[in-house]
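**Q** Please see the structure below; I have some questions.
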Amino acid sequence: MTPETVPPRTAVIGAGMAGLTCAAALRAAGGSVTVFDKARGPGGRMSTRRLALTEGEVTFDHGAPVFTARDPGFRAQVALWTQAGLVAPWSAAGEGAFVGAPAMNAPLKAVAAGLEIRCGVTITGLARIGDGWVLEGPDESDLAYDRVVLAVPAEQAAVLLVAANDAFAALARSTVSAPCWSLMLVFSRPIETELRVLDGDEVIGRAFRDGHKPGRSGGEAWVIQACPAWSRDNLEAGPSDVATRLLAAFETRMPTPLPPPLSSVAHRWRYAQPEPLALGALWDPAAGLGVCGDWLDGGDVEGAWRSGVRLAAQLNAADARP
Ligand SMILES: Cc1cc2nc3c(=O)[nH]c(=O)nc-3n(C[C@H](O)[C@H](O)[C@H](O)COP(=O)(O)OP(=O)(O)OC[C@H]3O[C@@H](n4cnc5c(N)ncnc54)[C@H](O)[C@@H]3O)c2cc1C
């Protein structure tokens, strides 16, 4: 892009790791970017739930509990976040495990801070009109952009791609994500155990003692993730029924009886972790349509980051061409 060129207006749908990473790289290259997300705030599957108790605030990483940084580019990014106090290693979850600090969404909140983001807006369709795109949403009918980047889970991308790009829609439809029920628990007093992470069985996939992660204000807070098969079998069960059964399964695994929970809330992730395609990202330059997300690379936090970086590089390269 030369200084006198008007940058194309890009809409990024999805304010998770992939969408925000892509948007930030487009913005850094001088692009005009607006990010949309249906949730109340950015973070996607790296978001954080907060609970105000008389004893103080408790936070739960109810999506991704930890992440790795094997990719050299992502390692460099994580090193910067670590220096800034937004990420910390958490060896209790294994060699090379990281968490956001003081909560999982901290690095994404920092990325989001420099961007124009419209939260609470669900995009329900994409219409190709003239040389651009109009985003369709319940209260937003006139959102016109030159380019669109979709950064949402495969199953949700498939719906939006149906009328936009047949080949991309077919790839999204071919991807299956495992669901996950997550139970957020906080107990009235500490549990007498040194355990920080509990390995899985036929009900529990993993359990994490969130109150003991770096930078947390404390409290005996745990997140119990049901395993994919149990989550799938109980996908339509009620949250309170799920909470009761996961708490009972957790109690059988603990060395001492549990104190009474002060709070117990189950959250269903219908699309938690995909069987990813190894495509990196998708870009249709003629239509100005890009797709990124964990389902195109790795199926995890670092894959989502890589996918966002890769798509932004393709768009920025297209802009740089005379
Ligand atoms: C329970 C659980 C456990 C996990 N464990 C790990 C782990 O241990 N390690 C690891 O690395 N990863 C883990 N992950 C996966 C990791 O969280 C994801 O790979 C990563 O966060 C995906 O980022 P993303 O940007 O691709 O998608 P997302 O974070 O899902 O972002 C997509 C965003 O799009 C928004 N959106 C969707 N549809 C629309 C629409 N129509 N209009 C507007 N907005 C829309 C959503 O609200 C969301 O904010 C886990 C995930 C879950 C849920």
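Ligands are numbered from 1 in the order shown, chains are lettered A, B, ... in the order of the structure tokens, and residues start at 1 in each chain.
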In stretch 33-167 of chain A, what's alpha helix (DSSP H) per DSSP? Answer as a ChimeraX atom specification?

**A** /A:72-83,106-113,154-161,166-167

**Q** Quick one: residues within 10 Å of A:Val162, only C-alpha atoms, excluding same-chain residues fewer than 6 positions away - as a list in words?

**A**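 What passes the distance filter is Gly125, Leu126, Phe168, Ala169, Ala170, Ala172 and Arg173 of chain A.
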
**Q** Rank nothing, just name the residue among A:Pro228, A:Gly44, A:Gly308, A:Gly200 nearest to ligand 1, using only C-alpha atoms and all ligand atoms.

**A**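 The closest residue to ligand 1 is A:Gly44.
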
**Q** Please provide the set of residues having any atom within 10 Å of A:Arg118, restricted to only C-alpha atoms, with same-chain residues fewer than 2 positions apart removed, written as a PyMOL selection string.

**A** chain A and resi 13+15+34-42+115-116+120-122

**Q** Give me the residues within 8 Å of stretch 264-281 of chain A as a ChimeraX atom specification, counting only C-alpha atoms and dropping any in the same chain fewer than 2 places off.

**A** /A:45,62-63,153-155,175-186,235,239-240,242-243,261-262,283,290-300,306-308,310-311

**Q** For A:Asp284, which of A:Asp61, A:Asp166, A:Asp241, A:Glu55 is the closest residue, counting only C-alpha atoms?

**A** A:Asp166

**Q** Could you give me, as an NGL selection string, the residues within 7 Å of A:Ala207, counting only C-alpha atoms and dropping anything in the same chain fewer than 4 positions from it?

**A** :A and (197-199 or 222-225)

**Q** Between A:Asp146, A:Asp210, A:Glu220, A:Glu136, which has the minimum distance to ligand 1 (counting only C-alpha atoms and all ligand atoms)?

**A**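 Using only C-alpha atoms and all ligand atoms, ligand 1 sits closest to A:Glu136.
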